[in-house]
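In what follows, a single structure is set out as structure tokens and then discussed.
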Amino acid sequence: MMTLSPDLVRKIEEYCDSQHDSWLKLGEKLVRTFGYDRKTRRISTQVRNLQQTVVSATKFSDIEDFVKNQMGRESQGNWGKVGDDVLEHLRKLRKASEELDPDPARQFAIRLRLAWAWVRAVVSQYLYEIAQQQM
């Protein structure tokens, strides 16, 4: 992965902080959409698959393609309810990378870094909401 300047890392972190509340709202929507299996005490495999796709992606489009693939498989199902919102978040991350740095090579690194922060916030909120419901 490309090394980013401390100034650019600071700008990325500021962007993440500014978007954090909207990311949490998506996590809450994932709970409402995918839920939680109380009998087996298991979280949604769809949420875990999203998380795994983001952290293992070698390019940002892998993440977008995963979401579109899931939406195509079950257009009337849960991904049909939440997929457009997830894609909109990803579009915003792509746009932010372009605004943060004009260099395409750095944009690539920025997009992945933004996606990692995004999925951590979304999944953390998903898990937190589930824990709150169990208390």
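Residue numbering restarts at 1 for every chain of the structure tokens, chains are lettered A, B, ... in their displayed order, and ligands are numbered from 1 as they appear.
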message: Env of stretch 61-64 of chain A: 8 Å cut, atoms = only C-alpha atoms, seq-sep filter 4 positions within chain, self excluded. Answer as a PyMOL selection string.
response: chain A and resi 50+53-54+57+68+87+90
- prompt: Can you list every residue in stretch 39-117 of chain A that DSSP puts in alpha helix (DSSP H), as a PyMOL selection string?
  reply: chain A and resi 45-56+60-73+78-100+104-117
Pull the closest atom pair for each residue of stretch 4-121 of chain A that gets at most 12 Å from stretch 131-135 of chain A, along with the distance in Å to one decimal, counting only C-alpha atoms, ordering rows by chain and then ascending residue number, as a Markdown table.
```
| residue | atom | partner | partner_atom | distance |
| --- | --- | --- | --- | --- |
| A:Glu28 | CA | A:Gln132 | CA | 11.5 |
| A:Val31 | CA | A:Gln133 | CA | 10.3 |
| A:Arg32 | CA | A:Gln133 | CA | 11.6 |
| A:Gly35 | CA | A:Gln133 | CA | 10.8 |
| A:Tyr36 | CA | A:Gln133 | CA | 10.0 |
| A:Asp37 | CA | A:Gln134 | CA | 11.5 |
| A:Arg38 | CA | A:Gln134 | CA | 9.0 |
| A:Arg41 | CA | A:Gln134 | CA | 10.3 |
| A:Arg42 | CA | A:Ala131 | CA | 11.7 |
| A:Ile43 | CA | A:Ala131 | CA | 10.7 |
```
field: Spatial neighbours of stretch 10-16 of chain A, max dist 12 Å, only C-alpha atoms, sep filter under 4 positions, as a ChimeraX atom specification
entry: /A:4-6,20-24,89,92-93,95-101,106-107,109-122
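The gap separating atom CA of A:Arg94 from atom CA of A:Asn49 is 20.7 Å, in Å to one decimal.
The two atoms in question, atom CA of A:Phe60 and atom CA of A:Arg91, are spaced 10.4 Å apart.
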query: From the set A:Val9, A:Pro102, A:Ser18, A:Leu30, which residue has the shortest atom-to-atom contact distance to A:Asn78, counting only C-alpha atoms?
result: A:Leu30
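What separates atom CA of A:Gln70 from atom CA of A:Tyr126 is a distance of 18.7 Å.
With only C-alpha atoms as the basis for measurement, A:Phe34 is the residue among A:Phe108, A:Gln19, A:Thr45, A:Phe34 that approaches A:Lys81 most closely.
Shortest atom-to-atom contact with A:Gly77 among A:Leu26, A:Tyr128, A:Met2, A:Gln46: A:Gln46, counting only C-alpha atoms.
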- request: Can you check which residues of chain A DSSP gives as strand (DSSP E or B) on the backbone and send them as a VMD selection string?
  value: chain A and resid 36 to 37 42 to 43
Take the residues from that selection and put them in a file with N, CA and C atoms, as a PDB file, in the first residue's frame.
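As written to disk, again07.pdb reads:
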```
ATOM      1  N   TYR A  36     -30.943 -10.228  13.512  1.00  0.00           N
ATOM      2  CA  TYR A  36     -30.080 -11.055  14.351  1.00  0.00           C
ATOM      3  C   TYR A  36     -30.855 -12.319  14.682  1.00  0.00           C
ATOM      4  N   ASP A  37     -30.235 -13.471  14.588  1.00  0.00           N
ATOM      5  CA  ASP A  37     -30.888 -14.730  14.909  1.00  0.00           C
ATOM      6  C   ASP A  37     -30.747 -14.997  16.400  1.00  0.00           C
ATOM      7  N   ARG A  42     -26.526 -15.626  16.403  1.00  0.00           N
ATOM      8  CA  ARG A  42     -25.625 -15.320  15.302  1.00  0.00           C
ATOM      9  C   ARG A  42     -26.047 -14.032  14.623  1.00  0.00           C
ATOM     10  N   ILE A  43     -25.038 -13.270  14.261  1.00  0.00           N
ATOM     11  CA  ILE A  43     -25.324 -12.055  13.505  1.00  0.00           C
ATOM     12  C   ILE A  43     -25.478 -12.433  12.036  1.00  0.00           C
TER      13      ILE A  43
END
```
